[in-house]
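**Q** This one is model-v3.csv, CSV, C-alpha atoms.
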```
chain,number,residue,atom,x,y,z
A,1,MET,CA,-30.8,-0.1,-10.4
A,2,SER,CA,-29.2,2.6,-8.3
A,3,LEU,CA,-30.7,6.0,-8.3
A,4,LEU,CA,-27.4,7.8,-7.3
A,5,ARG,CA,-23.9,6.6,-8.0
A,6,VAL,CA,-20.8,8.4,-6.7
A,7,ASP,CA,-17.5,7.2,-8.2
A,8,ASN,CA,-14.1,7.9,-6.7
A,9,LEU,CA,-15.0,11.4,-5.5
A,10,THR,CA,-12.0,13.5,-4.4
A,11,LYS,CA,-11.9,17.2,-3.5
A,12,ASN,CA,-8.6,19.0,-2.8
A,13,TYR,CA,-8.0,22.5,-1.5
A,14,GLY,CA,-4.3,22.9,-2.4
A,15,SER,CA,-2.5,20.2,-0.5
A,16,ASN,CA,-5.5,19.6,1.8
A,17,THR,CA,-7.7,16.6,0.8
A,18,VAL,CA,-11.1,17.0,2.3
A,19,VAL,CA,-12.8,14.2,0.3
A,20,ASN,CA,-10.6,11.2,-0.5
A,21,ASN,CA,-11.7,8.8,-3.2
A,22,VAL,CA,-15.2,8.2,-2.0
A,23,SER,CA,-17.6,5.8,-3.8
A,24,PHE,CA,-21.1,4.7,-3.0
A,25,THR,CA,-24.5,4.0,-4.5
A,26,ILE,CA,-28.1,4.7,-3.2
A,27,GLU,CA,-31.2,2.8,-4.1
A,28,PRO,CA,-34.5,4.4,-4.8
A,29,PHE,CA,-36.9,5.1,-1.9
A,30,THR,CA,-34.3,4.5,0.8
A,31,SER,CA,-32.7,6.8,3.4
A,32,THR,CA,-29.0,7.0,3.7
A,33,ALA,CA,-27.0,8.8,6.4
A,34,LEU,CA,-23.6,10.3,5.9
A,35,ILE,CA,-22.1,10.0,9.4
A,36,GLY,CA,-19.0,11.6,10.8
A,37,PRO,CA,-17.6,14.3,13.1
A,38,ASN,CA,-17.3,17.9,12.0
A,39,GLY,CA,-14.7,18.2,9.3
A,40,ALA,CA,-15.2,14.7,8.0
A,41,GLY,CA,-16.3,15.8,4.5
A,42,LYS,CA,-20.0,15.4,4.8
A,43,THR,CA,-21.0,18.9,3.6
A,44,THR,CA,-18.4,18.9,0.9
A,45,ILE,CA,-19.8,15.7,-0.6
A,46,MET,CA,-23.3,17.2,-0.4
A,47,SER,CA,-22.2,20.3,-2.1
A,48,ILE,CA,-20.5,18.3,-4.9
A,49,ILE,CA,-23.7,16.3,-5.5
A,50,THR,CA,-25.8,19.4,-5.7
A,51,GLY,CA,-23.4,21.1,-8.1
A,52,LEU,CA,-22.4,23.9,-5.7
A,53,LEU,CA,-18.8,22.6,-5.7
A,54,HIS,CA,-16.8,20.9,-8.5
A,55,PRO,CA,-14.8,17.8,-7.5
A,56,THR,CA,-11.1,17.6,-8.1
A,57,SER,CA,-11.8,14.2,-9.6
A,58,GLY,CA,-14.5,11.6,-9.7
A,59,LYS,CA,-18.1,11.6,-11.0
A,60,VAL,CA,-21.7,11.8,-9.7
A,61,PHE,CA,-24.5,10.1,-11.7
A,62,ILE,CA,-28.3,10.2,-11.2
A,63,GLU,CA,-30.3,7.7,-13.2
A,64,ASP,CA,-31.8,9.2,-16.4
A,65,TYR,CA,-30.5,12.7,-15.8
A,66,ASP,CA,-27.8,14.5,-17.6
A,67,ASP,CA,-28.1,17.5,-15.3
A,68,ILE,CA,-28.5,16.2,-11.8
A,69,ARG,CA,-29.9,19.5,-10.5
A,70,GLU,CA,-33.2,18.6,-12.2
A,71,ALA,CA,-33.5,15.6,-10.0
A,72,ILE,CA,-32.7,16.9,-6.5
A,73,GLY,CA,-34.1,19.0,-3.7
A,74,PHE,CA,-31.6,20.5,-1.3
A,75,LEU,CA,-31.7,21.8,2.3
A,76,PRO,CA,-28.4,23.3,3.4
A,77,GLN,CA,-27.3,23.1,7.0
A,78,TYR,CA,-28.0,26.8,7.6
A,79,PRO,CA,-30.9,27.7,5.3
A,80,GLN,CA,-31.5,31.4,4.7
A,81,PHE,CA,-34.8,33.0,3.9
A,82,TYR,CA,-35.9,36.5,2.7
A,83,PRO,CA,-37.4,37.8,5.9
A,84,TRP,CA,-39.9,40.1,4.0
A,85,LEU,CA,-41.5,37.2,2.2
A,86,THR,CA,-44.3,35.0,3.6
A,87,ALA,CA,-43.9,31.2,3.7
A,88,LEU,CA,-46.2,30.9,0.6
A,89,GLU,CA,-44.4,33.6,-1.3
A,90,TYR,CA,-41.0,32.0,-0.6
A,91,VAL,CA,-42.1,28.5,-1.7
A,92,GLU,CA,-43.8,29.8,-4.8
A,93,MET,CA,-40.6,31.6,-5.7
A,94,VAL,CA,-38.6,28.3,-5.4
A,95,ALA,CA,-41.3,26.4,-7.3
A,96,ASN,CA,-41.0,28.8,-10.1
A,97,LEU,CA,-37.2,28.6,-10.2
A,98,SER,CA,-37.5,24.8,-10.0
A,99,GLY,CA,-39.5,24.6,-13.2
A,100,VAL,CA,-43.0,23.9,-11.7
A,101,ALA,CA,-45.6,24.8,-14.3
A,102,ALA,CA,-47.0,28.2,-13.7
A,103,LYS,CA,-50.6,27.0,-13.4
A,104,GLU,CA,-49.5,24.6,-10.6
A,105,ILE,CA,-47.3,26.8,-8.6
A,106,ARG,CA,-49.9,28.2,-6.2
A,107,SER,CA,-51.7,24.9,-5.5
A,108,ARG,CA,-48.5,22.9,-5.3
A,109,SER,CA,-46.9,25.4,-2.9
A,110,MET,CA,-50.0,25.4,-0.6
A,111,LYS,CA,-50.2,21.6,-0.6
A,112,THR,CA,-46.5,21.3,0.2
A,113,LEU,CA,-46.7,23.8,3.1
A,114,GLU,CA,-49.7,21.9,4.5
A,115,TYR,CA,-47.8,18.6,4.2
A,116,VAL,CA,-44.8,19.9,6.3
A,117,GLY,CA,-47.1,21.3,9.0
A,118,LEU,CA,-47.1,25.0,8.0
A,119,GLY,CA,-50.6,25.1,6.5
A,120,LYS,CA,-51.8,27.6,9.2
A,121,VAL,CA,-48.9,30.1,8.8
A,122,ILE,CA,-48.6,30.3,5.0
A,123,HIS,CA,-49.2,34.1,5.1
A,124,LYS,CA,-46.8,34.8,7.9
A,125,LYS,CA,-43.4,36.4,7.1
A,126,THR,CA,-40.5,34.0,7.5
A,127,ALA,CA,-38.8,36.5,9.9
A,128,THR,CA,-41.3,35.5,12.6
A,129,PHE,CA,-40.6,31.8,12.3
A,130,SER,CA,-39.0,29.7,15.0
A,131,GLY,CA,-36.1,27.4,14.3
A,132,GLY,CA,-38.3,24.4,13.8
A,133,MET,CA,-40.7,26.3,11.5
A,134,LYS,CA,-37.8,27.4,9.4
A,135,GLN,CA,-36.5,23.9,9.1
A,136,ARG,CA,-40.0,22.8,7.9
A,137,LEU,CA,-40.0,25.6,5.4
A,138,GLY,CA,-36.6,24.5,4.2
A,139,ILE,CA,-37.9,21.0,3.6
A,140,ALA,CA,-41.0,22.5,1.8
A,141,GLN,CA,-38.8,24.4,-0.6
A,142,ALA,CA,-36.7,21.3,-1.2
A,143,ILE,CA,-39.7,19.1,-2.1
A,144,VAL,CA,-42.1,21.4,-3.8
A,145,HIS,CA,-40.9,20.3,-7.3
A,146,GLU,CA,-41.2,16.6,-6.3
A,147,PRO,CA,-37.5,15.7,-6.6
A,148,ARG,CA,-36.2,12.1,-7.1
A,149,LEU,CA,-33.5,12.7,-4.5
A,150,LEU,CA,-33.7,14.8,-1.4
A,151,LEU,CA,-30.4,16.1,0.1
A,152,LEU,CA,-30.4,17.3,3.7
A,153,ASP,CA,-27.3,18.7,5.3
A,154,GLU,CA,-27.5,18.3,9.1
A,155,PRO,CA,-31.3,18.7,9.0
A,156,VAL,CA,-31.9,18.5,12.8
A,157,SER,CA,-28.6,19.7,14.4
A,158,ALA,CA,-29.9,23.1,15.3
A,159,LEU,CA,-33.2,21.9,16.8
A,160,ASP,CA,-34.3,21.1,20.3
A,161,PRO,CA,-35.3,17.5,21.1
A,162,ILE,CA,-39.0,18.1,20.3
A,163,GLY,CA,-38.1,19.8,17.0
A,164,ARG,CA,-35.7,17.0,16.1
A,165,GLN,CA,-38.4,14.4,16.7
A,166,GLU,CA,-41.0,16.3,14.6
A,167,VAL,CA,-38.6,16.7,11.7
A,168,MET,CA,-37.4,13.1,11.8
A,169,ASP,CA,-41.0,11.9,11.8
A,170,LEU,CA,-41.6,14.1,8.7
A,171,LEU,CA,-38.6,12.7,7.0
A,172,LYS,CA,-39.8,9.1,7.6
A,173,GLU,CA,-43.0,10.1,5.8
A,174,LEU,CA,-41.1,11.6,2.9
A,175,GLN,CA,-39.1,8.4,2.5
A,176,GLN,CA,-42.3,6.8,1.2
A,177,GLU,CA,-42.3,9.2,-1.8
A,178,THR,CA,-38.7,10.0,-2.5
A,179,THR,CA,-35.1,9.0,-1.8
A,180,ILE,CA,-33.2,10.7,1.0
A,181,LEU,CA,-29.5,11.3,1.6
A,182,TYR,CA,-28.7,13.3,4.7
A,183,SER,CA,-25.7,14.1,6.8
A,184,THR,CA,-25.6,14.0,10.6
A,185,HIS,CA,-23.5,13.7,13.6
A,186,ILE,CA,-26.5,13.0,15.9
A,187,LEU,CA,-26.4,9.3,15.6
A,188,HIS,CA,-29.3,8.5,17.9
A,189,ASP,CA,-31.6,10.2,15.4
A,190,ALA,CA,-30.0,8.4,12.5
A,191,GLU,CA,-30.9,5.0,14.0
A,192,LYS,CA,-34.6,5.9,13.7
A,193,MET,CA,-34.9,6.1,9.9
A,194,THR,CA,-31.7,5.0,8.2
A,195,ASP,CA,-31.5,2.1,5.7
A,196,GLN,CA,-27.8,2.6,4.8
A,197,VAL,CA,-25.0,4.3,6.7
A,198,LEU,CA,-21.8,5.8,5.3
A,199,PHE,CA,-19.1,6.4,8.0
A,200,LEU,CA,-16.7,9.2,7.1
A,201,LYS,CA,-13.4,10.0,8.8
A,202,GLU,CA,-11.0,12.7,7.6
A,203,GLY,CA,-12.6,12.6,4.1
A,204,LYS,CA,-12.4,8.8,3.7
A,205,LEU,CA,-15.3,6.4,3.7
A,206,VAL,CA,-14.3,4.0,6.4
A,207,GLU,CA,-17.4,1.8,6.6
A,208,GLN,CA,-20.7,1.4,4.7
A,209,GLY,CA,-23.6,-0.9,4.4
A,210,SER,CA,-27.2,-1.4,5.6
A,211,LEU,CA,-27.9,-0.4,9.2
A,212,ILE,CA,-28.8,-4.1,10.0
A,213,ASP,CA,-25.7,-5.5,8.4
A,214,ILE,CA,-23.4,-2.9,10.1
A,215,GLN,CA,-25.0,-3.5,13.5
A,216,GLN,CA,-24.6,-7.3,13.1
A,217,LYS,CA,-21.0,-6.9,12.0
A,218,TYR,CA,-20.1,-4.9,15.0
A,219,ALA,CA,-22.4,-6.6,17.5
A,220,GLU,CA,-20.9,-7.1,20.9
A,221,SER,CA,-20.0,-10.6,22.2
A,222,LYS,CA,-22.6,-10.0,24.9
A,223,TYR,CA,-26.0,-11.3,25.5
A,224,MET,CA,-28.9,-9.9,27.4
A,225,ILE,CA,-31.0,-12.4,29.5
A,226,GLN,CA,-34.4,-11.3,30.8
A,227,PHE,CA,-35.6,-13.4,33.7
A,228,ALA,CA,-39.2,-13.7,34.9
A,229,SER,CA,-38.2,-12.5,38.4
A,230,GLU,CA,-35.4,-10.8,40.2
A,231,GLN,CA,-35.0,-14.0,42.3
A,232,SER,CA,-34.3,-16.0,39.1
A,233,ALA,CA,-31.8,-13.3,38.0
A,234,THR,CA,-30.1,-13.5,41.4
A,235,THR,CA,-29.9,-17.3,41.3
A,236,PHE,CA,-28.2,-17.2,37.9
A,237,CYS,CA,-25.7,-14.5,39.0
A,238,ASN,CA,-24.9,-16.5,42.2
A,239,SER,CA,-24.2,-19.6,40.1
A,240,THR,CA,-21.4,-18.0,38.2
A,241,ASN,CA,-17.8,-17.6,39.4
A,242,ARG,CA,-17.4,-14.0,38.5
A,243,ASN,CA,-19.3,-10.7,38.7
A,244,ILE,CA,-22.0,-10.2,36.0
A,245,GLU,CA,-23.7,-6.9,35.0
A,246,ARG,CA,-27.2,-6.9,36.2
A,247,GLN,CA,-30.2,-4.4,36.1
A,248,GLY,CA,-33.1,-5.9,38.0
A,249,VAL,CA,-34.4,-8.9,35.9
A,250,TYR,CA,-31.9,-8.1,33.1
A,251,VAL,CA,-28.5,-9.8,33.2
A,252,TYR,CA,-25.8,-9.2,30.6
A,253,VAL,CA,-23.3,-12.0,30.0
A,254,ASP,CA,-20.1,-11.7,27.9
A,255,VAL,CA,-18.9,-14.6,25.8
A,256,SER,CA,-15.7,-15.5,27.8
A,257,GLU,CA,-13.7,-18.3,29.2
A,258,GLN,CA,-16.6,-19.4,31.5
A,259,PHE,CA,-19.2,-19.1,28.7
A,260,PRO,CA,-17.3,-19.5,25.4
A,261,SER,CA,-20.5,-19.4,23.3
A,262,ILE,CA,-24.2,-18.7,23.4
A,263,THR,CA,-24.6,-22.5,23.6
A,264,ALA,CA,-22.7,-22.6,26.8
A,265,ILE,CA,-24.8,-19.8,28.3
A,266,MET,CA,-28.0,-21.6,27.3
A,267,GLN,CA,-26.8,-25.0,28.7
A,268,HIS,CA,-26.1,-23.3,32.0
A,269,LEU,CA,-29.5,-21.7,32.1
A,270,LEU,CA,-31.2,-25.1,31.3
A,271,ALA,CA,-29.2,-26.8,34.1
A,272,LEU,CA,-30.5,-24.2,36.5
A,273,GLN,CA,-34.0,-24.6,35.2
A,274,ALA,CA,-34.0,-20.8,35.1
A,275,ASP,CA,-37.3,-19.0,34.4
A,276,ILE,CA,-36.4,-17.0,31.3
A,277,VAL,CA,-38.4,-14.5,29.3
A,278,LYS,CA,-35.9,-14.0,26.5
A,279,VAL,CA,-32.2,-14.1,25.5
A,280,GLU,CA,-30.8,-11.8,22.8
A,281,ARG,CA,-27.5,-10.5,21.5
A,282,VAL,CA,-26.7,-6.9,22.5
A,283,ILE,CA,-26.6,-4.8,19.3
A,284,ALA,CA,-24.1,-1.9,19.2
A,285,SER,CA,-25.5,1.6,18.8
A,286,LEU,CA,-24.3,3.8,15.9
A,287,ASP,CA,-22.2,5.8,18.4
A,288,GLN,CA,-20.4,2.6,19.6
A,289,ILE,CA,-19.9,1.5,16.0
A,290,PHE,CA,-18.5,4.8,14.9
A,291,MET,CA,-16.0,4.8,17.7
A,292,LYS,CA,-14.8,1.4,16.5
A,293,VAL,CA,-14.6,2.2,12.8
A,294,ALA,CA,-13.1,5.6,13.4
A,295,GLY,CA,-10.6,4.3,15.9
A,296,THR,CA,-11.3,7.0,18.4
A,297,SER,CA,-12.7,7.3,21.9
A,298,GLU,CA,-13.7,10.9,21.4
A,299,ALA,CA,-17.4,11.9,21.3
A,300,ILE,CA,-18.8,12.9,18.0
```
Please render this file's structure as structure tokens.
**A**
Amino acid sequence: MSLLRVDNLTKNYGSNTVVNNVSFTIEPFTSTALIGPNGAGKTTIMSIITGLLHPTSGKVFIEDYDDIREAIGFLPQYPQFYPWLTALEYVEMVANLSGVAAKEIRSRSMKTLEYVGLGKVIHKKTATFSGGMKQRLGIAQAIVHEPRLLLLDEPVSALDPIGRQEVMDLLKELQQETTILYSTHILHDAEKMTDQVLFLKEGKLVEQGSLIDIQQKYAESKYMIQFASEQSATTFCNSTNRNIERQGVYVYVDVSEQFPSITAIMQHLLALQADIVKVERVIASLDQIFMKVAGTSEAI
């Protein structure tokens, strides 16, 4: 049974439609990425799910909850903190507002800050925190009440590569305990932890599915052959009647008139008695897939 169901979600601002009839479901203990360029509708969808915005039409349902706000934790794209509060004071305040029992607030807050890697700075004021520390604090306040669904709006977009990796590693750990829906335009990061991808363009959901299924659907008609030696790779390349992409012992062969199928490629390799390590289909990256489904050659 789905944890979250979004039915025919639409949001208009006057004559401008920013979310256009979007529907999807999310299963428990999975990670789903809302992917799209700036202005695609990612933040609007997040804001509607959290209750910060009301849809023009459509519904959002979370299993067993009449008020979905009781089930969610939320980290906005640009979290703001009271600079005069310490990390512990801030998380305790959020825990209190989120309905955590009074006798559990202190222990739950300290445990959560330790979990996100801020255990040594719980008494430092948030004004002294770096960008990465603030993002960890934002995650702490979003999970202190142990939500069923964690919503993260561009959780790593403002971080440097090291900070992004640290936060993505933390999110992968969190996925073992809760369900995650996050928006991003950094597709390389999304490939590391995503079960389901939802591609948005101009407010419309243009493609959705599991990461594996989507990658298979848009897999290239190209195969990577790894040879045991550069000599074997050279022999294979010289045996063909056209130029073939090669990087050392790796050779990339398109399905084409000369090799109309993987069977034809394998038959040619067998005839040469080529010394092969492996042959595998080239899987498209999320960047390449998005360019195809969005029908654009522009960078995200």
**Q** Using only C-alpha atoms, which protein or nucleic acid residues come within 10 Å of stretch 269-284 of chain A? Drop anything in the same chain fewer than 6 positions from it, and give the result as a count of residues only.
**A** 32
**Q** Up to 9 Å from (-43.8, 18.0, 4.7) in the file's coordinates: name the residues, counting all atoms listed in the file, as a PyMOL selection string.
**A** chain A and resi 112-118+136-137+139-140+143+167+170-171+173-174
**Q** Would you output that residue set with C-alpha atoms, as an mmCIF file, in the coordinates of the input?
**A**
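Final output, saved to again_20.cif:
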```cif
data_model
loop_
_atom_site.group_PDB
_atom_site.id
_atom_site.type_symbol
_atom_site.label_atom_id
_atom_site.label_comp_id
_atom_site.auth_asym_id
_atom_site.auth_seq_id
_atom_site.Cartn_x
_atom_site.Cartn_y
_atom_site.Cartn_z
ATOM 1 C CA THR A 112 -46.500 21.300 0.200
ATOM 2 C CA LEU A 113 -46.700 23.800 3.100
ATOM 3 C CA GLU A 114 -49.700 21.900 4.500
ATOM 4 C CA TYR A 115 -47.800 18.600 4.200
ATOM 5 C CA VAL A 116 -44.800 19.900 6.300
ATOM 6 C CA GLY A 117 -47.100 21.300 9.000
ATOM 7 C CA LEU A 118 -47.100 25.000 8.000
ATOM 8 C CA ARG A 136 -40.000 22.800 7.900
ATOM 9 C CA LEU A 137 -40.000 25.600 5.400
ATOM 10 C CA ILE A 139 -37.900 21.000 3.600
ATOM 11 C CA ALA A 140 -41.000 22.500 1.800
ATOM 12 C CA ILE A 143 -39.700 19.100 -2.100
ATOM 13 C CA VAL A 167 -38.600 16.700 11.700
ATOM 14 C CA LEU A 170 -41.600 14.100 8.700
ATOM 15 C CA LEU A 171 -38.600 12.700 7.000
ATOM 16 C CA GLU A 173 -43.000 10.100 5.800
ATOM 17 C CA LEU A 174 -41.100 11.600 2.900
#
```
**Q** Between atom CA of A:Met133 and atom CA of A:Gly163, what distance in Å does the model show, to one decimal?
**A**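 If I compute the distance from atom CA of A:Met133 to atom CA of A:Gly163, I get 8.9 Å.
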**Q** Please identify all polymer residues within 8 Å of A:Tyr182, counting only C-alpha atoms, omitting same-chain residues fewer than 3 positions from it, and present them as number ranges by chain.
**A** A: 31-34, 151-155
**Q** List as number ranges by chain: which residues have an atom within 8 Å of (-23.4, 9.2, -5.7), counting all atoms listed in the file?
**A** A: 4-7, 23-26, 49, 59-62
**Q** Under the rule of at most 8 Å, produce a per-residue listing of stretch 111-204 of chain A near stretch 85-92 of chain A: chain, number, name, the closest pair of atoms, and the distance in Å, as a Markdown table, using all atoms listed in the file.
**A**
```
| residue | atom | partner | partner_atom | distance |
| --- | --- | --- | --- | --- |
| A:Leu113 | CA | A:Leu88 | CA | 7.5 |
| A:Val121 | CA | A:Ala87 | CA | 7.2 |
| A:Ile122 | CA | A:Ala87 | CA | 5.0 |
| A:His123 | CA | A:Thr86 | CA | 5.2 |
| A:Lys124 | CA | A:Thr86 | CA | 5.0 |
| A:Lys125 | CA | A:Thr86 | CA | 3.9 |
| A:Thr126 | CA | A:Thr86 | CA | 5.5 |
| A:Leu137 | CA | A:Ala87 | CA | 7.0 |
| A:Ala140 | CA | A:Val91 | CA | 7.0 |
| A:Gln141 | CA | A:Val91 | CA | 5.4 |
| A:Val144 | CA | A:Val91 | CA | 7.4 |
```
**Q** Hey, can you check how far atom CA of A:Pro55 sits from atom CA of A:Thr43?
**A**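 Going from atom CA of A:Pro55 over to atom CA of A:Thr43 covers 12.8 Å.
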**Q** Using only C-alpha atoms, which residue out of A:Gly14, A:Pro161, A:Thr128, A:Leu150 lies closest to A:Thr50?
**A**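 Smallest separation from A:Thr50 among the options: A:Leu150.
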**Q** Skipping near chain neighbours, those fewer than 6 positions away, what residues fall within 12 Å of A:Gly203 using all atoms listed in the file, listed as a PyMOL selection string?
**A** chain A and resi 8-12+16-23+34-45+294
**Q** Hey, which of A:Gln80, A:Asp67, A:Val293, A:Glu104 ends up closest to A:Leu205? Count all atoms listed in the file.
**A**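 Comparing A:Gln80, A:Asp67, A:Val293, A:Glu104 against A:Leu205, the winner is A:Val293.
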**Q** Restricting the calculation to all atoms listed in the file, which member of A:Glu63, A:Asp169, A:Asp213, A:Glu230 is positioned closest to A:Glu27?
**A**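 Closest residue, counting all atoms listed in the file: A:Glu63.
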**Q** Expressed in Å to a single decimal, how great is the separation between atom CA of A:Gly132 and atom CA of A:Ala71?
**A**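 Distance reported for this atom pair: 25.8 Å.
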**Q** Would you kindly place N, CA, C and O atoms on stretch 174-189 of chain A and return the model as a PDB file, in the coordinates of the input?
**A**
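Okay, this is what ended up in out34.pdb:
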```
ATOM      1  N   LEU A 174     -41.612  11.262   4.259  1.00  0.00           N
ATOM      2  CA  LEU A 174     -41.100  11.600   2.900  1.00  0.00           C
ATOM      3  C   LEU A 174     -40.427  10.452   2.245  1.00  0.00           C
ATOM      4  O   LEU A 174     -40.430  10.350   1.013  1.00  0.00           O
ATOM      5  N   GLN A 175     -39.850   9.556   3.027  1.00  0.00           N
ATOM      6  CA  GLN A 175     -39.100   8.400   2.500  1.00  0.00           C
ATOM      7  C   GLN A 175     -40.064   7.511   1.654  1.00  0.00           C
ATOM      8  O   GLN A 175     -39.614   6.766   0.786  1.00  0.00           O
ATOM      9  N   GLN A 176     -41.359   7.588   1.919  1.00  0.00           N
ATOM     10  CA  GLN A 176     -42.300   6.800   1.200  1.00  0.00           C
ATOM     11  C   GLN A 176     -42.473   7.316  -0.265  1.00  0.00           C
ATOM     12  O   GLN A 176     -42.959   6.602  -1.152  1.00  0.00           O
ATOM     13  N   GLU A 177     -42.061   8.572  -0.490  1.00  0.00           N
ATOM     14  CA  GLU A 177     -42.300   9.200  -1.800  1.00  0.00           C
ATOM     15  C   GLU A 177     -41.018   9.564  -2.536  1.00  0.00           C
ATOM     16  O   GLU A 177     -41.072   9.809  -3.748  1.00  0.00           O
ATOM     17  N   THR A 178     -39.899   9.609  -1.868  1.00  0.00           N
ATOM     18  CA  THR A 178     -38.700  10.000  -2.500  1.00  0.00           C
ATOM     19  C   THR A 178     -37.485   9.301  -1.874  1.00  0.00           C
ATOM     20  O   THR A 178     -37.657   8.515  -0.933  1.00  0.00           O
ATOM     21  N   THR A 179     -36.291   9.568  -2.370  1.00  0.00           N
ATOM     22  CA  THR A 179     -35.100   9.000  -1.800  1.00  0.00           C
ATOM     23  C   THR A 179     -34.327  10.081  -1.053  1.00  0.00           C
ATOM     24  O   THR A 179     -34.260  11.227  -1.499  1.00  0.00           O
ATOM     25  N   ILE A 180     -33.778   9.721   0.107  1.00  0.00           N
ATOM     26  CA  ILE A 180     -33.200  10.700   1.000  1.00  0.00           C
ATOM     27  C   ILE A 180     -31.721  10.397   1.271  1.00  0.00           C
ATOM     28  O   ILE A 180     -31.370   9.257   1.602  1.00  0.00           O
ATOM     29  N   LEU A 181     -30.869  11.403   1.109  1.00  0.00           N
ATOM     30  CA  LEU A 181     -29.500  11.300   1.600  1.00  0.00           C
ATOM     31  C   LEU A 181     -29.286  12.515   2.507  1.00  0.00           C
ATOM     32  O   LEU A 181     -29.509  13.669   2.129  1.00  0.00           O
ATOM     33  N   TYR A 182     -28.902  12.220   3.754  1.00  0.00           N
ATOM     34  CA  TYR A 182     -28.700  13.300   4.700  1.00  0.00           C
ATOM     35  C   TYR A 182     -27.440  13.085   5.520  1.00  0.00           C
ATOM     36  O   TYR A 182     -26.993  11.959   5.708  1.00  0.00           O
ATOM     37  N   SER A 183     -26.869  14.181   5.941  1.00  0.00           N
ATOM     38  CA  SER A 183     -25.700  14.100   6.800  1.00  0.00           C
ATOM     39  C   SER A 183     -26.069  14.410   8.216  1.00  0.00           C
ATOM     40  O   SER A 183     -27.011  15.167   8.478  1.00  0.00           O
ATOM     41  N   THR A 184     -25.348  13.808   9.148  1.00  0.00           N
ATOM     42  CA  THR A 184     -25.600  14.000  10.600  1.00  0.00           C
ATOM     43  C   THR A 184     -24.480  13.608  11.432  1.00  0.00           C
ATOM     44  O   THR A 184     -23.676  12.774  11.033  1.00  0.00           O
ATOM     45  N   HIS A 185     -24.386  14.227  12.596  1.00  0.00           N
ATOM     46  CA  HIS A 185     -23.500  13.700  13.600  1.00  0.00           C
ATOM     47  C   HIS A 185     -24.295  13.350  14.881  1.00  0.00           C
ATOM     48  O   HIS A 185     -23.732  12.998  15.908  1.00  0.00           O
ATOM     49  N   ILE A 186     -25.641  13.426  14.766  1.00  0.00           N
ATOM     50  CA  ILE A 186     -26.500  13.000  15.900  1.00  0.00           C
ATOM     51  C   ILE A 186     -26.954  11.586  15.566  1.00  0.00           C
ATOM     52  O   ILE A 186     -27.947  11.329  14.889  1.00  0.00           O
ATOM     53  N   LEU A 187     -26.188  10.637  16.062  1.00  0.00           N
ATOM     54  CA  LEU A 187     -26.400   9.300  15.600  1.00  0.00           C
ATOM     55  C   LEU A 187     -27.612   8.612  16.192  1.00  0.00           C
ATOM     56  O   LEU A 187     -28.178   7.710  15.559  1.00  0.00           O
ATOM     57  N   HIS A 188     -28.070   9.057  17.341  1.00  0.00           N
ATOM     58  CA  HIS A 188     -29.300   8.500  17.900  1.00  0.00           C
ATOM     59  C   HIS A 188     -30.464   8.734  16.944  1.00  0.00           C
ATOM     60  O   HIS A 188     -31.312   7.851  16.749  1.00  0.00           O
ATOM     61  N   ASP A 189     -30.511   9.914  16.326  1.00  0.00           N
ATOM     62  CA  ASP A 189     -31.600  10.200  15.400  1.00  0.00           C
ATOM     63  C   ASP A 189     -31.447   9.362  14.122  1.00  0.00           C
ATOM     64  O   ASP A 189     -32.436   8.923  13.543  1.00  0.00           O
TER      65      ASP A 189
END
```
